[in-house]
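Enquirer: See upload_27.cif below, with mmCIF, C-alpha atoms.
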```cif
data_data
loop_
_atom_site.label_atom_id
_atom_site.label_comp_id
_atom_site.auth_asym_id
_atom_site.auth_seq_id
_atom_site.Cartn_x
_atom_site.Cartn_y
_atom_site.Cartn_z
CA MET A 1 113.73 148.10 105.14
CA ARG A 2 114.60 151.02 107.42
CA ARG A 3 112.83 149.50 110.43
CA HIS A 4 114.16 145.98 110.12
CA PRO A 5 117.30 146.04 107.93
CA VAL A 6 118.80 142.91 109.49
CA ALA A 7 115.63 140.90 108.91
CA VAL A 8 115.55 142.00 105.27
CA MET A 9 119.21 141.05 104.92
CA VAL A 10 118.50 137.58 106.33
CA VAL A 11 115.57 137.00 103.96
CA VAL A 12 117.51 138.20 100.90
CA GLY A 13 120.52 136.12 101.94
CA ALA A 14 118.40 132.99 102.39
CA ILE A 15 116.84 133.38 98.93
CA ALA A 16 120.21 134.08 97.29
CA SER A 17 121.79 131.09 99.09
CA ALA A 18 119.02 128.75 97.95
CA LEU A 19 119.38 129.90 94.34
CA GLY A 20 123.18 129.70 94.51
CA ILE A 21 123.14 126.15 95.90
CA ALA A 22 120.62 125.03 93.26
CA ILE A 23 122.74 126.48 90.45
CA ALA A 24 125.95 124.98 91.88
CA LEU A 25 124.40 121.50 92.04
CA ILE A 26 122.79 121.70 88.59
CA ILE A 27 126.02 122.63 86.77
CA ASP A 28 128.08 119.66 85.52
CA TRP A 29 131.48 120.73 86.76
CA PHE A 30 133.27 117.52 85.72
CA PRO A 31 133.14 115.01 82.85
CA ALA A 32 131.30 111.70 83.26
CA ASP A 33 132.90 109.67 86.04
CA ALA A 34 134.95 106.65 85.00
CA ALA A 35 136.48 105.39 88.26
CA LYS A 36 135.28 104.10 91.62
CA GLN A 37 136.94 107.07 93.34
CA ALA A 38 134.88 109.61 91.37
CA LYS A 39 131.52 109.39 93.17
CA PRO A 40 132.79 110.06 96.72
CA ILE A 41 134.91 112.93 95.40
CA ASP A 42 131.89 114.39 93.56
CA THR A 43 129.81 114.10 96.74
CA LEU A 44 132.53 115.86 98.74
CA TYR A 45 132.57 118.65 96.15
CA ASP A 46 128.77 119.03 96.39
CA VAL A 47 128.93 119.23 100.20
CA LEU A 48 131.62 121.91 100.01
CA MET A 49 129.48 123.89 97.57
CA ILE A 50 126.41 123.60 99.81
CA VAL A 51 128.40 124.94 102.77
CA SER A 52 130.40 127.56 100.89
CA VAL A 53 127.59 129.31 99.00
CA PRO A 54 125.67 130.49 102.14
CA ILE A 55 128.91 131.70 103.73
CA PHE A 56 129.81 133.69 100.64
CA VAL A 57 126.29 135.12 100.36
CA GLY A 58 126.23 135.97 104.08
CA VAL A 59 129.53 137.86 103.95
CA VAL A 60 128.41 139.82 100.86
CA CYS A 61 125.06 140.69 102.51
CA VAL A 62 126.77 141.98 105.67
CA ILE A 63 129.17 144.08 103.60
CA LEU A 64 126.36 145.58 101.50
CA LEU A 65 124.19 146.25 104.57
CA SER A 66 127.11 147.95 106.33
CA VAL A 67 127.87 150.09 103.30
CA TRP A 68 124.24 151.19 103.10
CA GLN A 69 123.37 151.48 106.80
CA PHE A 70 126.55 153.13 108.02
CA ARG A 71 127.45 155.25 105.03
CA MET A 72 128.64 158.79 105.61
CA ARG A 73 125.95 161.46 105.16
CA PRO A 74 126.59 165.02 103.97
CA GLY A 75 127.99 167.11 106.81
CA GLN A 76 129.54 164.15 108.62
CA GLU A 77 132.93 164.38 106.94
CA ARG A 78 134.71 165.56 110.10
CA GLN A 79 132.67 163.58 112.60
CA ASP A 80 133.94 160.48 114.36
CA GLY A 81 131.62 157.72 115.50
CA PRO A 82 131.06 156.95 119.15
CA PRO A 83 133.57 154.57 120.79
CA ILE A 84 132.29 150.98 120.99
CA HIS A 85 133.50 147.91 122.83
CA GLY A 86 131.93 145.33 120.54
CA ASN A 87 129.82 142.30 121.33
CA THR A 88 131.66 139.49 123.09
CA ARG A 89 128.91 136.93 122.55
CA LEU A 90 128.80 137.69 118.82
CA GLU A 91 132.59 137.41 118.57
CA VAL A 92 132.52 134.02 120.30
CA PHE A 93 129.74 132.90 117.98
CA TRP A 94 131.40 133.88 114.72
CA THR A 95 134.69 132.34 115.87
CA ALA A 96 133.30 129.05 117.19
CA ILE A 97 130.84 128.28 114.38
CA PRO A 98 133.40 128.57 111.52
CA ALA A 99 135.90 126.56 113.58
CA ILE A 100 133.38 123.76 114.04
CA MET A 101 132.51 123.84 110.33
CA LEU A 102 136.17 123.68 109.30
CA VAL A 103 136.95 120.76 111.61
CA SER A 104 133.86 118.89 110.37
CA LEU A 105 134.65 119.45 106.67
CA CYS A 106 138.33 118.54 107.13
CA SER A 107 137.34 115.35 108.96
CA TYR A 108 134.93 114.42 106.16
CA ALA A 109 137.55 115.15 103.48
CA TYR A 110 140.13 113.07 105.37
CA THR A 111 137.69 110.15 105.54
CA VAL A 112 137.06 110.34 101.78
CA LEU A 113 140.81 110.49 101.10
CA ARG A 114 141.48 107.42 103.27
CA ASP A 115 138.69 105.49 101.56
CA ILE A 116 139.83 106.22 97.99
CA GLU A 117 143.48 105.55 98.86
CA GLU A 118 142.80 102.22 100.59
CA LYS A 119 144.99 99.36 99.37
CA GLU A 120 143.20 96.60 97.46
CA PRO A 121 144.23 93.11 96.33
CA ASN A 122 145.26 92.39 92.73
CA THR A 123 146.49 95.96 92.26
CA LEU A 124 148.21 96.75 88.96
CA VAL A 125 151.24 99.04 89.34
CA VAL A 126 151.87 101.52 86.52
CA GLN A 127 154.98 103.70 86.53
CA VAL A 128 154.20 107.19 85.18
CA THR A 129 156.97 109.53 84.06
CA GLY A 130 156.43 113.19 83.19
CA GLN A 131 158.87 115.10 81.01
CA GLN A 132 158.44 118.31 79.06
CA PHE A 133 155.99 117.83 77.42
CA ALA A 134 154.83 114.21 77.39
CA TRP A 135 153.81 111.27 79.59
CA ARG A 136 155.42 107.83 79.51
CA TYR A 137 154.20 104.63 81.17
CA ALA A 138 155.94 101.45 82.28
CA TYR A 139 154.43 98.06 83.17
CA ALA A 140 156.26 95.29 85.04
CA LEU A 141 156.21 91.99 83.11
CA ASP A 142 157.04 88.43 84.07
CA GLY A 143 160.70 87.57 84.30
CA GLY A 144 161.71 90.99 85.57
CA ARG A 145 161.09 92.65 82.20
CA THR A 146 159.48 96.08 81.79
CA LEU A 147 157.19 97.33 79.04
CA GLU A 148 157.67 101.04 78.35
CA THR A 149 155.09 102.82 76.22
CA THR A 150 153.48 106.17 75.54
CA GLU A 151 150.04 104.55 75.61
CA LEU A 152 148.21 104.16 78.93
CA VAL A 153 146.01 101.05 78.76
CA LEU A 154 144.11 99.92 81.86
CA PRO A 155 141.84 96.94 82.61
CA LYS A 156 138.30 97.75 83.71
CA ASP A 157 137.41 97.13 87.39
CA ARG A 158 141.01 96.42 88.43
CA PRO A 159 142.65 98.64 91.08
CA ILE A 160 145.54 100.69 89.68
CA LEU A 161 148.43 102.18 91.64
CA PHE A 162 150.12 104.98 89.68
CA LYS A 163 153.69 105.65 90.81
CA VAL A 164 154.46 109.09 89.43
CA ARG A 165 157.78 110.86 88.94
CA ALA A 166 159.22 113.72 86.87
CA ILE A 167 162.51 113.99 85.05
CA ASP A 168 162.86 117.76 84.66
CA VAL A 169 160.34 120.08 86.36
CA ILE A 170 157.18 119.67 88.45
CA HIS A 171 154.24 118.25 86.51
CA ASP A 172 150.84 117.02 87.69
CA PHE A 173 149.31 113.72 86.56
CA TRP A 174 145.53 114.18 86.25
CA VAL A 175 142.78 112.07 84.70
CA PRO A 176 139.66 114.28 85.05
CA ALA A 177 137.27 111.35 84.50
CA PHE A 178 138.94 109.49 87.39
CA ARG A 179 138.89 112.66 89.57
CA VAL A 180 142.34 111.86 90.98
CA LYS A 181 145.54 113.83 90.48
CA ILE A 182 149.00 113.98 92.00
CA ASP A 183 152.11 116.13 91.52
CA ALA A 184 155.07 114.62 89.68
CA VAL A 185 158.12 115.99 91.51
CA PRO A 186 161.75 115.56 90.37
CA GLY A 187 163.73 113.41 92.78
CA MET A 188 160.78 111.65 94.41
CA THR A 189 157.96 109.23 93.60
CA THR A 190 154.37 110.09 94.44
CA GLU A 191 151.43 107.68 94.37
CA VAL A 192 147.73 107.83 93.54
CA ARG A 193 145.13 105.08 93.13
CA ALA A 194 142.16 104.62 90.80
CA THR A 195 139.87 101.77 89.80
CA PRO A 196 138.49 102.32 86.25
CA THR A 197 134.79 101.43 85.95
CA ARG A 198 133.95 102.56 82.43
CA ILE A 199 135.35 101.32 79.11
CA GLY A 200 136.51 104.09 76.79
CA ARG A 201 139.17 106.71 76.20
CA PHE A 202 139.80 109.39 78.81
CA GLU A 203 142.09 112.40 78.65
CA VAL A 204 145.29 112.59 80.70
CA VAL A 205 146.54 116.14 81.26
CA CYS A 206 149.23 117.98 83.16
CA ALA A 207 147.63 120.18 85.84
CA GLU A 208 150.81 122.06 86.80
CA LEU A 209 152.25 124.86 84.67
CA CYS A 210 155.48 123.30 83.42
CA GLY A 211 156.67 125.41 80.51
CA LEU A 212 155.79 126.64 77.05
CA GLY A 213 154.32 123.31 75.94
CA HIS A 214 152.23 122.77 79.10
CA ALA A 215 148.92 123.04 77.23
CA VAL A 216 149.84 120.21 74.86
CA MET A 217 151.17 117.84 77.54
CA ARG A 218 148.30 115.40 77.08
CA SER A 219 147.81 111.71 76.70
CA THR A 220 144.96 109.19 76.66
CA ALA A 221 143.97 106.56 79.20
CA ARG A 222 142.30 103.69 77.35
CA VAL A 223 140.19 101.45 79.59
CA VAL A 224 139.48 98.00 78.12
CA THR A 225 138.14 94.66 79.28
CA PRO A 226 140.55 92.44 81.26
CA ALA A 227 140.82 90.06 78.28
CA ALA A 228 141.62 92.92 75.91
CA TYR A 229 144.23 94.23 78.35
CA THR A 230 145.94 90.82 78.51
CA SER A 231 146.01 90.68 74.70
CA TRP A 232 147.44 94.19 74.49
CA ILE A 233 150.21 93.36 76.96
CA ALA A 234 151.09 90.26 74.93
CA ARG A 235 151.27 92.24 71.67
CA ALA A 236 153.07 95.27 73.08
CA SER A 237 155.73 93.18 74.83
CA ARG A 238 156.78 91.27 71.75
CA PRO A 239 160.32 92.16 70.58
CA ALA A 240 160.19 94.84 67.92
CA ALA A 241 161.17 93.89 64.41
CA VAL A 242 164.64 95.10 63.51
CA ALA A 243 164.44 98.29 61.46
CA GLY A 244 166.79 99.14 58.62
CA GLY A 245 166.78 95.75 56.92
CA GLY A 246 167.73 93.42 59.82
CA ALA A 247 165.72 90.26 60.42
CA ALA A 248 163.52 89.84 63.45
CA GLY A 249 163.64 86.09 63.25
CA GLY A 250 166.43 83.64 62.43
CA GLY A 251 169.90 84.84 61.50
CA ASP A 252 172.16 87.42 63.09
CA ALA A 253 171.22 91.08 62.73
CA SER A 254 173.89 93.51 61.57
CA ALA A 255 175.35 96.03 63.97
CA GLY A 256 173.44 98.77 62.16
CA GLY A 257 170.22 96.80 62.48
CA ASP A 258 170.78 96.28 66.20
CA ALA A 259 171.39 100.01 66.68
CA ALA A 260 168.27 100.86 64.69
CA ALA A 261 166.17 98.43 66.73
CA ALA A 262 167.44 99.96 69.96
CA GLY A 263 166.86 103.42 68.50
CA ARG A 264 163.27 102.52 67.71
CA GLU A 265 162.67 101.56 71.34
CA THR A 266 164.28 104.83 72.47
CA PHE A 267 162.06 106.76 70.08
CA VAL A 268 158.85 105.10 71.25
CA SER A 269 159.73 105.64 74.92
CA ASN A 270 160.94 109.23 74.66
CA CYS A 271 159.49 110.78 71.51
CA GLY A 272 156.41 108.83 70.49
CA SER A 273 153.94 110.76 72.62
CA CYS A 274 154.88 114.00 70.83
CA HIS A 275 155.56 112.84 67.25
CA THR A 276 153.73 110.76 64.67
CA LEU A 277 155.94 108.20 62.95
CA ALA A 278 154.30 105.44 60.92
CA ASP A 279 157.23 103.01 61.25
CA ALA A 280 157.11 103.24 65.06
CA GLY A 281 153.32 103.18 65.29
CA THR A 282 153.18 106.48 67.21
CA SER A 283 150.59 109.24 66.75
CA GLY A 284 151.68 112.25 68.83
CA THR A 285 150.70 115.69 67.61
CA VAL A 286 152.78 117.99 69.84
CA GLY A 287 155.64 118.07 67.34
CA PRO A 288 155.95 117.64 63.56
CA ASP A 289 154.82 114.45 61.79
CA LEU A 290 158.18 112.74 61.30
CA THR A 291 156.81 110.37 58.68
CA SER A 292 157.12 113.26 56.22
CA ALA A 293 159.40 115.72 58.08
CA LEU A 294 162.35 113.29 58.15
CA ARG A 295 162.50 112.68 54.42
CA GLY A 296 165.82 113.61 52.92
CA GLN A 297 167.51 114.52 56.21
CA SER A 298 171.06 113.43 56.88
CA GLU A 299 172.25 111.85 60.12
CA ALA A 300 173.99 115.12 61.05
CA GLU A 301 170.75 117.06 60.63
CA ILE A 302 168.80 114.51 62.65
CA ARG A 303 171.38 114.60 65.46
CA GLU A 304 171.19 118.40 65.58
CA ASP A 305 167.37 118.20 65.78
CA ILE A 306 167.73 115.94 68.83
CA VAL A 307 170.44 117.71 70.84
CA ASP A 308 169.65 121.30 69.74
CA PRO A 309 165.95 121.29 68.78
CA ASP A 310 165.62 125.08 68.60
CA ALA A 311 168.37 125.43 65.99
CA LYS A 312 165.83 124.80 63.22
CA ILE A 313 162.09 125.15 63.87
CA THR A 314 159.54 123.51 61.59
CA GLU A 315 157.00 125.99 60.26
CA GLY A 316 153.86 126.06 62.39
CA PHE A 317 155.62 125.09 65.64
CA GLN A 318 157.10 127.22 68.42
CA PRO A 319 160.60 127.04 69.92
CA GLY A 320 160.98 125.71 73.45
CA VAL A 321 158.36 122.97 73.18
CA MET A 322 160.77 120.08 72.54
CA PRO A 323 163.09 119.27 75.50
CA SER A 324 166.62 120.54 74.91
CA ASN A 325 168.30 118.23 77.45
CA PHE A 326 168.25 114.90 75.61
CA SER A 327 172.05 114.99 75.59
CA GLU A 328 171.79 114.78 79.40
CA THR A 329 168.82 112.44 79.86
CA LEU A 330 169.88 109.97 77.13
CA THR A 331 173.20 108.16 76.91
CA ALA A 332 175.50 108.60 73.92
CA GLU A 333 174.59 105.06 72.80
CA GLN A 334 170.87 105.87 72.95
CA ILE A 335 171.33 109.03 70.89
CA ASP A 336 173.47 107.15 68.34
CA GLY A 337 170.80 104.44 68.08
CA LEU A 338 168.05 107.04 67.76
CA VAL A 339 169.92 108.80 64.95
CA THR A 340 170.58 105.50 63.17
CA TYR A 341 166.92 104.49 63.42
CA LEU A 342 165.50 107.84 62.26
CA ALA A 343 168.01 107.99 59.40
CA SER A 344 166.92 104.49 58.29
CA VAL A 345 163.25 105.50 58.08
CA SER A 346 163.96 108.87 56.43
CA ARG A 347 165.15 107.37 53.16
#
```
Take the structure I supplied and represent it as structure tokens, if you would.

Expert:
Amino acid sequence: MRRHPVAVMVVVGAIASALGIAIALIIDWFPADAAKQAKPIDTLYDVLMIVSVPIFVGVVCVILLSVWQFRMRPGQERQDGPPIHGNTRLEVFWTAIPAIMLVSLCSYAYTVLRDIEEKEPNTLVVQVTGQQFAWRYAYALDGGRTLETTELVLPKDRPILFKVRAIDVIHDFWVPAFRVKIDAVPGMTTEVRATPTRIGRFEVVCAELCGLGHAVMRSTARVVTPAAYTSWIARASRPAAVAGGGAAGGGDASAGGDAAAAGRETFVSNCGSCHTLADAGTSGTVGPDLTSALRGQSEAEIREDIVDPDAKITEGFQPGVMPSNFSETLTAEQIDGLVTYLASVSR
């Protein structure tokens, strides 16, 4: 060790690097992949680990060797080391090699990004909206209509273009099983692509700290067969039955029924991802279960819960989780319809 400290350092570093790389590749860092984009991203991650581990180990070995080899001995407290110029060849080496590695890795990462973001035919466009603390999705239908829902349903093996935006603060749309993520920024629309390859349910999370309810800003991406997706679109796009006693079929609905029907749509689009309500078919768990929590409430109480949600907090829930700006993001007519609808199902 004393005769050949550098050689010992190299041997120890090589062994530690080999063990570190093996451990890094054995660990399952991500969930099972469920999109075409996942495998090239996983490979890129493995390459970065293979390159990064030896660099980290090498730096640590040099630091430890320097601490041991050049430590101060007793009696040397007031001594200064001899002046040195350095080693020009070594400086060129440790500047050029990292530069070459960085350029190579950046070029590889850029190639992967271009490949996974390549446009494909028959792409389905899904509008994604983030708002504290829920995700909403919109699908373009025939005839210029739009289906808005809190449920993300995707057909297997079809390319998807997510157009992502935020209403209030910065969020981040991330499906870990797809390996793709993109910031949702107020005032602009960002885009990310994925092609689902596995049928099942996959978690959608917000990967950007966005407030008190950030941890519960979750949703589910449900990947189904193309036939099942077509059936779901057909069912979900049917006009909702008029709540509050109005008829969905023949005959004219009352003004109250029309308001309740519009309020139901507003609830599903803006509140359904956070609240469970049997009448609306929603199952959110961020906020209270309104199927029971609404019972006996007056319209005035319901309106206060919407425009000033922290005025009265349901036991077991924290203040600040429900958005307090619905009076700004919803029109007066939407709030009136929402109140009418919730009052009709609270009786």

Enquirer: Which distance in Å separates atom CA of Arg136 of chain A and atom CA of Cys274 of chain A, to one decimal?

Expert: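 We find that atom CA of Arg136 of chain A and atom CA of Cys274 of chain A lie 10.7 Å from each other.
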
Enquirer: Kindly provide the residues of segment 141-221 of chain A that approach segment 281-296 of chain A to within 12 Å, each paired with its closest atom pair and their distance in Å to one decimal, based on only C-alpha atoms, listed by chain and increasing number, as a tab-separated table.

Expert:
```
residue	atom	partner	partner_atom	distance
A:Thr149	CA	A:Thr282	CA	9.9
A:Thr150	CA	A:Thr282	CA	8.3
A:Glu151	CA	A:Thr282	CA	9.2
A:Leu212	CA	A:Val286	CA	11.7
A:Gly213	CA	A:Val286	CA	8.2
A:His214	CA	A:Val286	CA	10.4
A:Ala215	CA	A:Val286	CA	9.7
A:Val216	CA	A:Val286	CA	6.2
A:Met217	CA	A:Val286	CA	7.9
A:Arg218	CA	A:Val286	CA	8.9
A:Ser219	CA	A:Gly284	CA	8.8
A:Thr220	CA	A:Gly284	CA	10.8
```

Enquirer: Between A:Phe162, A:Trp174, A:Trp68, A:Tyr45, single out the one closest to Val112 of chain A, counting only C-alpha atoms.

Expert: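 Among the listed residues, A:Tyr45 lies closest to Val112 of chain A.
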
Enquirer: Mind checking which residues fall within 12 Å of segment 230-234 of chain A, counting all atoms listed in the file, ignoring those fewer than 6 positions away in the same chain, and posting them as a list of chain:residue names?

Expert: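 Counting all atoms listed in the file, the residues come to A:Ala138, A:Tyr139, A:Ala140, A:Leu141, A:Asp142, A:Thr146, A:Leu147, A:Glu148, A:Thr149, A:Glu151, A:Leu152, A:Val153, A:Leu154, A:Pro155, A:Lys156, A:Arg222, A:Val223, A:Val224.
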
Enquirer: Between atom CA of Val169 of chain A and atom CA of Gly272 of chain A, what is the distance in Å, rounded to a tenth?

Expert: 19.8 Å

Enquirer: Check which residues satisfy the PyMOL selection byres ((chain A and resi 21) around 9) in the file shown, then give them as an MDAnalysis selection string.

Expert: chainID A and resid 16:20 22:26 49:54

Enquirer: Box for segment 210-224 of chain A - axis-aligned, 3 Å on each of the six sides, all listed atoms - centre and size in Å to one decimal, as AutoDock Vina command-line options.

Expert:
```
--center_x 148.1 --center_y 112.3 --center_z 79.1 --size_x 23.2 --size_y 34.6 --size_z 14.6
```

Enquirer: With only C-alpha atoms as the basis for distance, which of A:Gly130, A:Gly13, A:Pro196, A:Pro159 is at the shortest distance from Ala34 of chain A?

Expert: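 Among the listed residues, A:Pro196 lies closest to Ala34 of chain A.
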
Enquirer: Record the distance separating atom CA of Asp28 of chain A and atom CA of Ala194 of chain A, expressed in Å with one decimal.

Expert: 21.3 Å

Enquirer: Using the chain letters and numbers from the file, which residues does the PyMOL selection byres ((chain A and resi 5) around 12) grab, as a PyMOL selection string?

Expert: chain A and resi 1-4+6-12+61-62+64-66+68-70

Enquirer: Using the chain letters and numbering of this document, enumerate as a list in words the residues selected by the PyMOL selection byres ((chain A and resi 203) around 8).

Expert: Val175, Pro176, Ala177, Arg201, Phe202, Val204, Val205, Arg218, Ser219, Thr220 and Ala221 of chain A

Enquirer: Go ahead and write the residues just picked, C-alpha atoms, as a PDB file, keeping the file's coordinate frame.

Expert:
```
ATOM      1  CA  VAL A 175     142.780 112.070  84.700  1.00  0.00           C
ATOM      2  CA  PRO A 176     139.660 114.280  85.050  1.00  0.00           C
ATOM      3  CA  ALA A 177     137.270 111.350  84.500  1.00  0.00           C
ATOM      4  CA  ARG A 201     139.170 106.710  76.200  1.00  0.00           C
ATOM      5  CA  PHE A 202     139.800 109.390  78.810  1.00  0.00           C
ATOM      6  CA  VAL A 204     145.290 112.590  80.700  1.00  0.00           C
ATOM      7  CA  VAL A 205     146.540 116.140  81.260  1.00  0.00           C
ATOM      8  CA  ARG A 218     148.300 115.400  77.080  1.00  0.00           C
ATOM      9  CA  SER A 219     147.810 111.710  76.700  1.00  0.00           C
ATOM     10  CA  THR A 220     144.960 109.190  76.660  1.00  0.00           C
ATOM     11  CA  ALA A 221     143.970 106.560  79.200  1.00  0.00           C
TER      12      ALA A 221
END
```

Enquirer: Ranking A:Val125, A:Ala38, A:Ile63, A:Ala134 by minimum distance to Arg158 of chain A and counting only C-alpha atoms, which one comes first?

Expert: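 Among the listed residues, A:Val125 lies closest to Arg158 of chain A.
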
Enquirer: Could you tell me which of A:Ile199, A:Ala166, A:Val339, A:Ala109 comes closest to Asp46 of chain A if we count only C-alpha atoms?

Expert: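 Nearest candidate to Asp46 of chain A out of A:Ile199, A:Ala166, A:Val339, A:Ala109: A:Ala109.
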